[in-house]
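Here is start36.csv, consisting of CSV, C-alpha atoms:
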```
chain,number,residue,atom,x,y,z
O,1,MET,CA,11.6,41.0,47.6
O,2,SER,CA,12.1,39.2,44.3
O,3,ILE,CA,9.3,37.6,42.5
O,4,ARG,CA,9.4,33.9,41.9
O,5,ALA,CA,8.8,34.2,38.2
O,6,ASP,CA,9.0,30.4,37.7
O,7,ILE,CA,6.0,29.9,39.9
O,8,ILE,CA,4.0,32.5,38.0
O,9,ARG,CA,5.2,31.1,34.6
O,10,GLY,CA,3.4,27.9,35.3
O,11,HIS,CA,0.1,29.8,35.2
O,12,THR,CA,0.8,31.9,32.1
O,13,GLU,CA,-2.0,30.1,30.2
O,14,THR,CA,-4.5,30.7,33.0
O,15,ILE,CA,-3.5,34.3,33.2
O,16,ILE,CA,-4.1,34.8,29.5
O,17,LEU,CA,-7.4,33.0,29.6
O,18,ALA,CA,-8.5,35.1,32.6
O,19,HIS,CA,-7.9,38.2,30.5
O,20,LEU,CA,-9.8,36.7,27.5
O,21,MET,CA,-12.8,35.9,29.8
O,22,LYS,CA,-13.5,39.6,29.8
O,23,GLY,CA,-13.5,39.8,26.0
O,24,ASN,CA,-11.4,39.5,22.9
O,25,SER,CA,-8.0,40.9,23.1
O,26,TYR,CA,-4.5,40.9,21.5
O,27,GLY,CA,-1.0,40.3,22.6
O,28,TYR,CA,0.1,43.8,23.6
O,29,GLU,CA,-3.1,44.6,25.4
O,30,ILE,CA,-2.9,41.5,27.5
O,31,ASN,CA,0.7,42.0,28.5
O,32,LYS,CA,0.0,45.7,29.3
O,33,SER,CA,-2.9,44.7,31.5
O,34,ILE,CA,-0.7,42.2,33.3
O,35,LYS,CA,1.9,44.9,33.9
O,36,GLU,CA,-0.7,47.3,35.2
O,37,LYS,CA,-2.4,44.8,37.4
O,38,THR,CA,0.9,43.9,39.0
O,39,ASN,CA,2.1,47.5,39.3
O,40,ASN,CA,4.9,46.9,36.9
O,41,ARG,CA,6.2,44.0,38.9
O,42,TYR,CA,5.5,41.3,36.5
O,43,GLU,CA,5.4,41.1,32.7
O,44,LEU,CA,5.5,38.2,30.2
O,45,ASN,CA,8.3,38.2,27.8
O,46,ASP,CA,7.4,38.1,24.1
O,47,ALA,CA,8.5,34.5,23.5
O,48,THR,CA,6.5,33.2,26.5
O,49,LEU,CA,3.5,35.1,25.4
O,50,TYR,CA,3.5,33.9,21.7
O,51,CYS,CA,4.3,30.3,22.7
O,52,ALA,CA,1.4,30.3,25.2
O,53,PHE,CA,-1.0,31.7,22.5
O,54,ARG,CA,0.1,28.9,20.1
O,55,ARG,CA,-0.3,26.2,22.7
O,56,LEU,CA,-3.7,27.5,23.8
O,57,GLU,CA,-4.8,27.7,20.2
O,58,GLU,CA,-3.7,24.2,19.3
O,59,SER,CA,-5.5,22.8,22.3
O,60,GLY,CA,-8.7,24.5,21.1
O,61,TYR,CA,-9.0,26.8,24.2
O,62,ILE,CA,-8.7,30.0,22.2
O,63,THR,CA,-9.2,31.0,18.5
O,64,SER,CA,-7.6,33.9,16.7
O,65,PHE,CA,-8.7,36.2,13.9
O,66,TRP,CA,-7.2,39.2,12.1
O,67,GLY,CA,-8.5,42.7,12.7
O,68,GLU,CA,-7.4,46.2,12.0
O,69,GLY,CA,-4.6,47.6,14.1
O,70,ASN,CA,-4.1,51.3,14.9
O,71,SER,CA,-1.5,51.9,12.4
O,72,GLY,CA,-2.9,50.0,9.5
O,73,ALA,CA,-1.0,46.7,10.1
O,74,ARG,CA,-3.2,43.7,10.7
O,75,ARG,CA,-3.6,42.7,14.3
O,76,ARG,CA,-4.2,39.3,15.6
O,77,TYR,CA,-7.1,39.1,18.1
O,78,TYR,CA,-7.8,36.1,20.3
O,79,SER,CA,-11.0,35.0,21.8
O,80,ILE,CA,-11.8,32.2,24.3
O,81,THR,CA,-13.7,29.2,23.3
O,82,ASN,CA,-16.2,27.2,25.4
O,83,GLN,CA,-13.6,24.6,25.9
O,84,GLY,CA,-11.3,27.4,27.1
O,85,ILE,CA,-13.8,28.6,29.6
O,86,GLU,CA,-14.1,25.1,31.0
O,87,PHE,CA,-10.3,24.8,31.2
O,88,TYR,CA,-10.1,28.2,32.9
O,89,LYS,CA,-12.6,27.2,35.6
O,90,LYS,CA,-10.8,23.9,36.2
O,91,ASN,CA,-7.5,25.7,36.6
O,92,ILE,CA,-9.0,28.2,39.0
O,93,GLU,CA,-10.3,25.4,41.1
O,94,GLU,CA,-7.0,23.7,41.1
O,95,TRP,CA,-5.2,26.9,42.1
O,96,ASN,CA,-7.6,27.6,44.9
O,97,LEU,CA,-7.0,24.1,46.3
O,98,THR,CA,-3.2,24.5,46.0
O,99,LYS,CA,-3.3,27.9,47.6
O,100,GLU,CA,-5.3,26.5,50.5
O,101,LEU,CA,-2.9,23.7,51.1
O,102,ILE,CA,0.2,25.8,50.8
O,103,ASP,CA,-1.2,28.3,53.2
O,104,LYS,CA,-1.8,25.6,55.7
O,105,LEU,CA,1.7,24.1,55.2
O,106,ILE,CA,3.9,27.2,55.3
C,1,MET,CA,2.7,52.3,10.3
C,2,ASN,CA,6.2,52.4,11.7
C,3,GLU,CA,8.6,51.6,9.0
C,4,LYS,CA,11.6,51.3,11.4
C,5,ILE,CA,9.9,48.6,13.4
C,6,ARG,CA,8.7,46.8,10.4
C,7,LYS,CA,12.2,46.8,8.9
C,8,GLU,CA,13.8,45.6,12.2
C,9,VAL,CA,11.3,42.7,12.6
C,10,ASN,CA,11.8,41.7,8.9
C,11,THR,CA,15.5,41.5,9.6
C,12,LEU,CA,14.8,39.2,12.6
C,13,PHE,CA,12.8,36.9,10.3
C,14,GLU,CA,15.3,36.8,7.5
C,15,ASN,CA,16.3,33.3,8.3
C,16,ALA,CA,12.9,32.1,9.3
C,17,PRO,CA,11.2,29.4,7.1
C,18,ASN,CA,8.8,31.0,4.7
C,19,THR,CA,5.7,29.5,6.1
C,20,LYS,CA,2.2,30.9,6.8
C,21,ARG,CA,2.8,30.4,10.5
C,22,ALA,CA,6.1,32.4,10.4
C,23,ASN,CA,4.4,35.2,8.4
C,24,ASP,CA,1.5,35.3,10.8
C,25,LEU,CA,3.8,35.5,13.7
C,26,LYS,CA,5.8,38.2,12.1
C,27,ASP,CA,2.7,40.4,11.5
C,28,GLU,CA,1.6,39.7,15.0
C,29,ILE,CA,4.9,40.8,16.4
C,30,ILE,CA,5.0,43.9,14.3
C,31,SER,CA,1.5,45.1,15.4
C,32,ASN,CA,2.3,44.5,19.0
C,33,ALA,CA,5.7,46.1,18.8
C,34,GLU,CA,4.2,49.2,17.1
C,35,ASP,CA,1.7,49.6,20.0
C,36,LYS,CA,4.4,49.2,22.6
C,37,TYR,CA,6.6,51.7,20.7
C,38,GLU,CA,3.8,54.3,20.6
C,39,ASP,CA,3.1,53.9,24.3
C,40,LEU,CA,6.8,54.3,25.1
C,41,VAL,CA,7.0,57.5,23.0
C,42,LYS,CA,3.9,58.8,24.7
C,43,GLN,CA,5.4,58.2,28.0
C,44,GLY,CA,8.2,60.5,27.0
C,45,LYS,CA,10.9,58.2,25.8
C,46,LYS,CA,13.1,59.2,22.9
C,47,GLU,CA,12.2,57.5,19.6
C,48,GLU,CA,15.6,55.7,19.4
C,49,GLU,CA,15.4,54.6,22.9
C,50,ALA,CA,11.8,53.3,22.5
C,51,LEU,CA,12.8,51.4,19.4
C,52,GLN,CA,15.7,49.8,21.2
C,53,THR,CA,13.5,48.8,24.2
C,54,VAL,CA,10.9,47.3,21.9
C,55,MET,CA,13.4,45.3,19.9
C,56,LYS,CA,15.2,44.1,23.0
C,57,GLU,CA,12.0,42.7,24.4
C,58,ILE,CA,11.2,40.8,21.2
C,59,GLY,CA,14.4,38.9,21.9
C,60,ASP,CA,15.5,35.9,20.0
C,61,VAL,CA,13.1,35.0,17.2
C,62,ASP,CA,15.0,31.9,16.2
C,63,GLU,CA,14.1,30.4,19.5
C,64,LEU,CA,10.5,31.2,19.1
C,65,ILE,CA,10.4,29.8,15.6
C,66,GLU,CA,12.1,26.7,16.7
C,67,GLU,CA,9.5,26.4,19.4
C,68,LEU,CA,6.7,26.9,16.8
C,69,ASN,CA,8.2,24.2,14.5
C,70,LYS,CA,8.4,21.9,17.5
C,71,THR,CA,4.7,21.9,18.0
C,72,ASN,CA,4.5,19.5,15.1
C,73,PRO,CA,7.2,16.9,15.8
C,74,ILE,CA,5.2,13.8,14.9
C,75,HIS,CA,4.6,15.2,11.5
C,76,LYS,CA,8.3,15.7,10.7
C,77,GLU,CA,9.4,12.3,12.1
C,78,TYR,CA,6.6,10.6,10.2
C,79,ARG,CA,7.7,12.1,6.9
C,80,GLU,CA,11.3,11.3,7.5
C,81,GLU,CA,10.4,7.7,8.1
C,82,ALA,CA,8.3,7.6,4.9
C,83,ARG,CA,11.1,9.1,2.9
C,84,LYS,CA,13.6,6.5,4.2
C,85,LYS,CA,11.2,3.7,3.3
C,86,THR,CA,10.7,5.0,-0.2
C,87,GLY,CA,14.5,5.4,-0.6
C,88,LEU,CA,15.1,1.8,0.4
C,89,THR,CA,12.4,0.4,-1.8
C,90,VAL,CA,13.5,2.3,-4.9
C,91,SER,CA,17.1,1.3,-4.4
C,92,ILE,CA,16.2,-2.4,-4.0
C,93,CYS,CA,14.1,-2.3,-7.1
C,94,VAL,CA,16.8,-0.5,-9.2
C,95,GLY,CA,19.2,-3.2,-8.0
C,96,LEU,CA,16.7,-5.9,-9.1
C,97,TYR,CA,16.4,-4.3,-12.6
C,98,ILE,CA,20.2,-4.4,-13.0
C,99,LEU,CA,20.2,-8.0,-11.8
C,100,SER,CA,17.6,-8.9,-14.3
C,101,VAL,CA,19.8,-7.7,-17.2
C,102,ILE,CA,22.8,-9.5,-15.7
C,103,THR,CA,20.8,-12.7,-15.4
C,104,CYS,CA,19.7,-12.3,-19.0
C,105,VAL,CA,23.3,-12.0,-20.2
C,106,VAL,CA,24.5,-14.9,-18.1
C,107,LEU,CA,21.7,-17.3,-19.1
C,108,ASP,CA,22.3,-16.4,-22.7
C,109,GLU,CA,26.0,-17.1,-22.4
C,110,LEU,CA,25.2,-20.5,-20.9
C,111,GLU,CA,23.3,-21.2,-24.1
C,112,LEU,CA,20.1,-22.2,-22.4
C,113,PRO,CA,17.0,-22.1,-24.5
C,114,ASP,CA,15.6,-18.7,-25.2
C,115,PHE,CA,12.5,-19.1,-23.2
C,116,VAL,CA,14.5,-19.8,-20.0
C,117,THR,CA,16.5,-16.6,-20.6
C,118,VAL,CA,13.4,-14.5,-21.2
C,119,SER,CA,11.6,-16.1,-18.3
C,120,GLY,CA,14.5,-15.4,-15.9
C,121,PHE,CA,14.7,-11.8,-17.0
C,122,LEU,CA,10.9,-11.2,-16.8
C,123,ALA,CA,10.6,-12.9,-13.4
C,124,ILE,CA,13.2,-10.6,-11.8
C,125,ALA,CA,12.1,-7.4,-13.6
C,126,GLY,CA,8.4,-8.3,-12.9
C,127,LEU,CA,9.2,-8.7,-9.2
C,128,ALA,CA,10.9,-5.3,-9.0
C,129,THR,CA,7.9,-3.7,-10.8
C,130,CYS,CA,5.4,-5.4,-8.4
C,131,VAL,CA,7.3,-4.2,-5.4
C,132,LEU,CA,7.4,-0.6,-6.7
C,133,ILE,CA,3.8,-0.5,-7.6
C,134,TYR,CA,2.8,-2.0,-4.2
C,135,HIS,CA,5.0,0.5,-2.4
C,136,PHE,CA,3.6,3.6,-4.1
C,137,MET,CA,0.0,2.4,-4.0
C,138,THR,CA,0.1,1.8,-0.2
C,139,LYS,CA,2.3,4.8,0.6
C,140,PRO,CA,0.1,7.0,2.7
C,141,LYS,CA,-0.6,10.5,1.4
C,142,TYR,CA,0.1,13.5,3.6
C,143,THR,CA,-2.2,12.7,6.5
C,144,LYS,CA,-1.8,16.0,8.2
C,145,TYR,CA,-2.3,19.2,6.5
C,146,GLU,CA,0.8,21.3,7.0
C,147,ASP,CA,0.0,25.0,7.4
C,148,THR,CA,2.6,26.4,5.1
C,149,MET,CA,2.9,28.4,2.0
C,150,VAL,CA,4.5,25.3,0.3
C,151,GLU,CA,1.3,23.4,0.9
C,152,GLU,CA,-0.8,26.2,-0.6
C,153,PHE,CA,1.5,26.2,-3.6
C,154,LYS,CA,1.1,22.5,-4.0
C,155,GLU,CA,-2.7,22.8,-3.8
C,156,TRP,CA,-2.6,25.5,-6.5
C,157,LYS,CA,-0.3,23.5,-8.6
C,158,GLY,CA,-2.5,20.4,-8.2
C,159,LYS,CA,-5.4,22.4,-9.7
C,160,LYS,CA,-3.2,23.4,-12.5
C,161,ASP,CA,-2.1,19.9,-13.2
C,162,LYS,CA,-5.7,18.8,-13.5
C,163,ASN,CA,-6.2,21.4,-16.2
C,164,LYS,CA,-3.1,20.1,-17.9
C,165,GLU,CA,-4.5,16.5,-17.9
C,166,ILE,CA,-7.7,17.6,-19.6
C,167,LYS,CA,-5.7,19.4,-22.2
C,168,LYS,CA,-3.6,16.3,-22.8
C,169,ALA,CA,-6.6,14.1,-23.2
C,170,ILE,CA,-8.2,16.5,-25.7
C,171,ASP,CA,-4.9,16.6,-27.6
C,172,SER,CA,-4.6,12.8,-27.9
C,173,ILE,CA,-8.2,12.4,-28.9
C,174,LEU,CA,-7.8,15.1,-31.5
C,175,TRP,CA,-4.7,13.6,-33.1
C,176,THR,CA,-6.1,10.0,-33.0
C,177,LEU,CA,-9.2,11.3,-34.7
C,178,THR,CA,-7.2,13.1,-37.3
C,179,VAL,CA,-5.2,10.0,-38.2
C,180,ILE,CA,-8.4,7.9,-38.5
C,181,ILE,CA,-10.1,10.5,-40.7
C,182,TYR,CA,-7.0,10.9,-42.8
C,183,LEU,CA,-6.8,7.2,-43.5
C,184,ILE,CA,-10.6,6.7,-44.1
C,185,VAL,CA,-10.8,9.7,-46.4
C,186,SER,CA,-7.6,8.8,-48.3
C,187,PHE,CA,-8.5,5.2,-48.8
C,188,THR,CA,-12.1,5.9,-49.7
C,189,PHE,CA,-11.5,8.7,-52.2
C,190,GLY,CA,-7.9,7.9,-53.1
C,191,ILE,CA,-7.0,11.5,-52.7
C,192,TRP,CA,-3.6,10.9,-51.1
C,193,TYR,CA,-2.0,13.9,-52.9
C,194,ILE,CA,-4.2,16.4,-51.0
C,195,SER,CA,-5.5,14.6,-47.9
C,196,TRP,CA,-2.4,15.4,-45.8
C,197,ILE,CA,-3.8,18.9,-45.5
C,198,ILE,CA,-6.0,17.4,-42.7
C,199,PHE,CA,-3.0,17.5,-40.4
C,200,LEU,CA,-2.6,21.2,-40.9
C,201,ILE,CA,-6.2,21.7,-40.1
C,202,ALA,CA,-5.8,19.5,-37.0
C,203,SER,CA,-2.9,21.6,-35.9
C,204,LEU,CA,-5.0,24.8,-36.4
C,205,ILE,CA,-7.8,23.3,-34.3
C,206,GLU,CA,-5.3,22.4,-31.6
C,207,ASN,CA,-4.1,25.9,-31.4
C,208,ILE,CA,-7.6,27.3,-31.3
C,209,ILE,CA,-8.5,25.0,-28.4
C,210,LYS,CA,-5.3,26.1,-26.6
C,211,LEU,CA,-6.3,29.7,-27.1
C,212,LEU,CA,-9.8,29.1,-25.8
C,213,PHE,CA,-8.4,27.4,-22.7
C,214,LYS,CA,-6.2,30.3,-22.0
C,215,LEU,CA,-9.0,32.8,-22.4
C,216,GLY,CA,-11.1,30.7,-20.1
C,217,GLU,CA,-8.5,30.7,-17.4
C,218,GLU,CA,-8.3,34.5,-17.5
```
Just give me the structure as structure tokens.
Amino acid sequence: MSIRADIIRGHTETIILAHLMKGNSYGYEINKSIKEKTNNRYELNDATLYCAFRRLEESGYITSFWGEGNSGARRRYYSITNQGIEFYKKNIEEWNLTKELIDKLI
Amino acid sequence: MNEKIRKEVNTLFENAPNTKRANDLKDEIISNAEDKYEDLVKQGKKEEEALQTVMKEIGDVDELIEELNKTNPIHKEYREEARKKTGLTVSICVGLYILSVITCVVLDELELPDFVTVSGFLAIAGLATCVLIYHFMTKPKYTKYEDTMVEEFKEWKGKKDKNKEIKKAIDSILWTLTVIIYLIVSFTFGIWYISWIIFLIASLIENIIKLLFKLGEE
């Protein structure tokens, strides 16, 4: 069975926020956790990931800061803002409603 | 630090605009790519293979950069418009200046009284000057801060320009004073044969001030 990636893609931002709800993180770690949680069935491509970060940051839902990476290169960490938490909760509510309706309809 | 990944990513960014955004993105991509690479190697992939996988997944950076630039479309359009407006205004004014000279020549040929010729010339040139002054005084400054290296450079340069202005002011005060002192001393004591030396002294003072400025900057 193939995954309808286009449906998931619409929720990229919520997925990222969900990860950041548990604490600060960075690009690779977020993508790795997505891969693990879905048993390697889904993964964001890099362009999608970075674009989502920029959009979220510009909207004020996340902020970023530089920290040390493993190998000495600087690493960009993200953390969720209060606004982001609100946005996340709203999206979850919306999704639950959608899920409920779709389940009834199909 | 993995030099290979760094090198590859740098190549990808070769044609990217040299902005802070692009540089940040590059660093971010490098650190994430390094982590991914290390994981792949740990999982038993060959180094070459891991590198290839990592680079393939980064994909097309151009698209990404285009996307990043797109987030600021209003800014670009707005500046484009402002530039066009300035271009039009300046062209019209230069045209008016040329016209004012032509008018002057024509009126003179018609052997009208001088004051008519001068008035005609001044009216047109004056109009052009007014339009120019109005345009540049009402022209909005950069309303939105653009997050680029260029802006940082401008800011740095702006600071430098301020220093320059202070230097200029000191210079003009110094030389005006020198001339005044030269004239007063020379007239009062009638020592014209030697009083010119004050200019050499002033020049010396100027250089000392310059030196002090430079030392202060460092």
At most 9 Å to chain O: residues in chain C, only C-alpha atoms, as JSON, numbers by chain = {"C": [1, 2, 24, 25, 27, 28, 29, 30, 31, 32, 33, 34, 35, 36, 57, 58, 59, 60, 61, 63, 64, 67, 68, 71]}
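The spacing separating atom CA of Glu94 of chain O from atom CA of Thr14 of chain O amounts to 11.0 Å.
For the atom pair formed by atom CA of Tyr97 of chain C and atom CA of Ala125 of chain C, the distance is 5.4 Å, given to one decimal.
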Extract, using all atoms listed in the file, all DNA, RNA and protein residues at most 10 Å from Cys104 of chain C, discarding same-chain residues fewer than 5 positions from it, and format them as an MDAnalysis selection string.
-> chainID C and resid 98:99 109 114 116:122 124
Selection from above, C-alpha atoms, as an mmCIF file, in the coordinates of the input, can you write it?
```cif
data_model
loop_
_atom_site.group_PDB
_atom_site.id
_atom_site.type_symbol
_atom_site.label_atom_id
_atom_site.label_comp_id
_atom_site.auth_asym_id
_atom_site.auth_seq_id
_atom_site.Cartn_x
_atom_site.Cartn_y
_atom_site.Cartn_z
ATOM 1 C CA ILE C 98 20.200 -4.400 -13.000
ATOM 2 C CA LEU C 99 20.200 -8.000 -11.800
ATOM 3 C CA GLU C 109 26.000 -17.100 -22.400
ATOM 4 C CA ASP C 114 15.600 -18.700 -25.200
ATOM 5 C CA VAL C 116 14.500 -19.800 -20.000
ATOM 6 C CA THR C 117 16.500 -16.600 -20.600
ATOM 7 C CA VAL C 118 13.400 -14.500 -21.200
ATOM 8 C CA SER C 119 11.600 -16.100 -18.300
ATOM 9 C CA GLY C 120 14.500 -15.400 -15.900
ATOM 10 C CA PHE C 121 14.700 -11.800 -17.000
ATOM 11 C CA LEU C 122 10.900 -11.200 -16.800
ATOM 12 C CA ILE C 124 13.200 -10.600 -11.800
#
```
Which is closest to Ser64 of chain O among O:Ile85, O:Lys99, O:Arg9, O:Ser25, if we use all atoms listed in the file?
-> O:Ser25
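Contact shell of Ile15 of chain O at 10 Å (all atoms listed in the file; same-chain neighbours under 3 positions omitted): O:Ile8, O:Arg9, O:Gly10, O:His11, O:Thr12, O:Ala18, O:His19, O:Leu20, O:Ile30, O:Asn31, O:Ile34, O:Tyr88.
Considering the residues O:Leu17, O:Lys37, O:Phe65, O:Leu97 and counting all atoms listed in the file, Tyr78 of chain O has its shortest atom-to-atom contact with O:Phe65.
As for atom CA of Glu66 of chain C and atom CA of Phe53 of chain O, they are spaced 15.2 Å apart.
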Which one of C:Leu112, C:Glu48, C:Gln43, C:Asp62 sits closest to Leu12 of chain C if you count all atoms listed in the file?
-> C:Asp62
Spatial sel., origin (-4.8, 9.7, -41.1), limit 12 Å, only C-alpha atoms, listed as a short mmCIF file (atom, residue, chain, number, x, y, z; two decimals) with C-alpha atoms, in the coordinates of the input:
```
data_model
loop_
_atom_site.label_atom_id
_atom_site.label_comp_id
_atom_site.auth_asym_id
_atom_site.auth_seq_id
_atom_site.Cartn_x
_atom_site.Cartn_y
_atom_site.Cartn_z
CA LEU C 174 -7.80 15.10 -31.50
CA TRP C 175 -4.70 13.60 -33.10
CA THR C 176 -6.10 10.00 -33.00
CA LEU C 177 -9.20 11.30 -34.70
CA THR C 178 -7.20 13.10 -37.30
CA VAL C 179 -5.20 10.00 -38.20
CA ILE C 180 -8.40 7.90 -38.50
CA ILE C 181 -10.10 10.50 -40.70
CA TYR C 182 -7.00 10.90 -42.80
CA LEU C 183 -6.80 7.20 -43.50
CA ILE C 184 -10.60 6.70 -44.10
CA VAL C 185 -10.80 9.70 -46.40
CA SER C 186 -7.60 8.80 -48.30
CA PHE C 187 -8.50 5.20 -48.80
CA THR C 188 -12.10 5.90 -49.70
CA ILE C 191 -7.00 11.50 -52.70
CA TRP C 192 -3.60 10.90 -51.10
CA ILE C 194 -4.20 16.40 -51.00
CA SER C 195 -5.50 14.60 -47.90
CA TRP C 196 -2.40 15.40 -45.80
CA ILE C 197 -3.80 18.90 -45.50
CA ILE C 198 -6.00 17.40 -42.70
CA PHE C 199 -3.00 17.50 -40.40
CA LEU C 200 -2.60 21.20 -40.90
CA ALA C 202 -5.80 19.50 -37.00
#
```
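Distance check against Gly126 of chain C using all atoms listed in the file: of C:Lys4, C:Ala50, C:Ile208, C:Ser100, the minimum falls on C:Ser100.
Taking only C-alpha atoms into account, Asp39 of chain C lies nearest to C:Val54 out of the set C:Lys168, C:Asn15, C:Leu96, C:Val54.
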So which residues fall inside 12 Å of (6.6, -2.4, -4.8) if we count only C-alpha atoms? Mind giving them as a PyMOL selection string?
-> chain C and resi 85-94+96+125-139
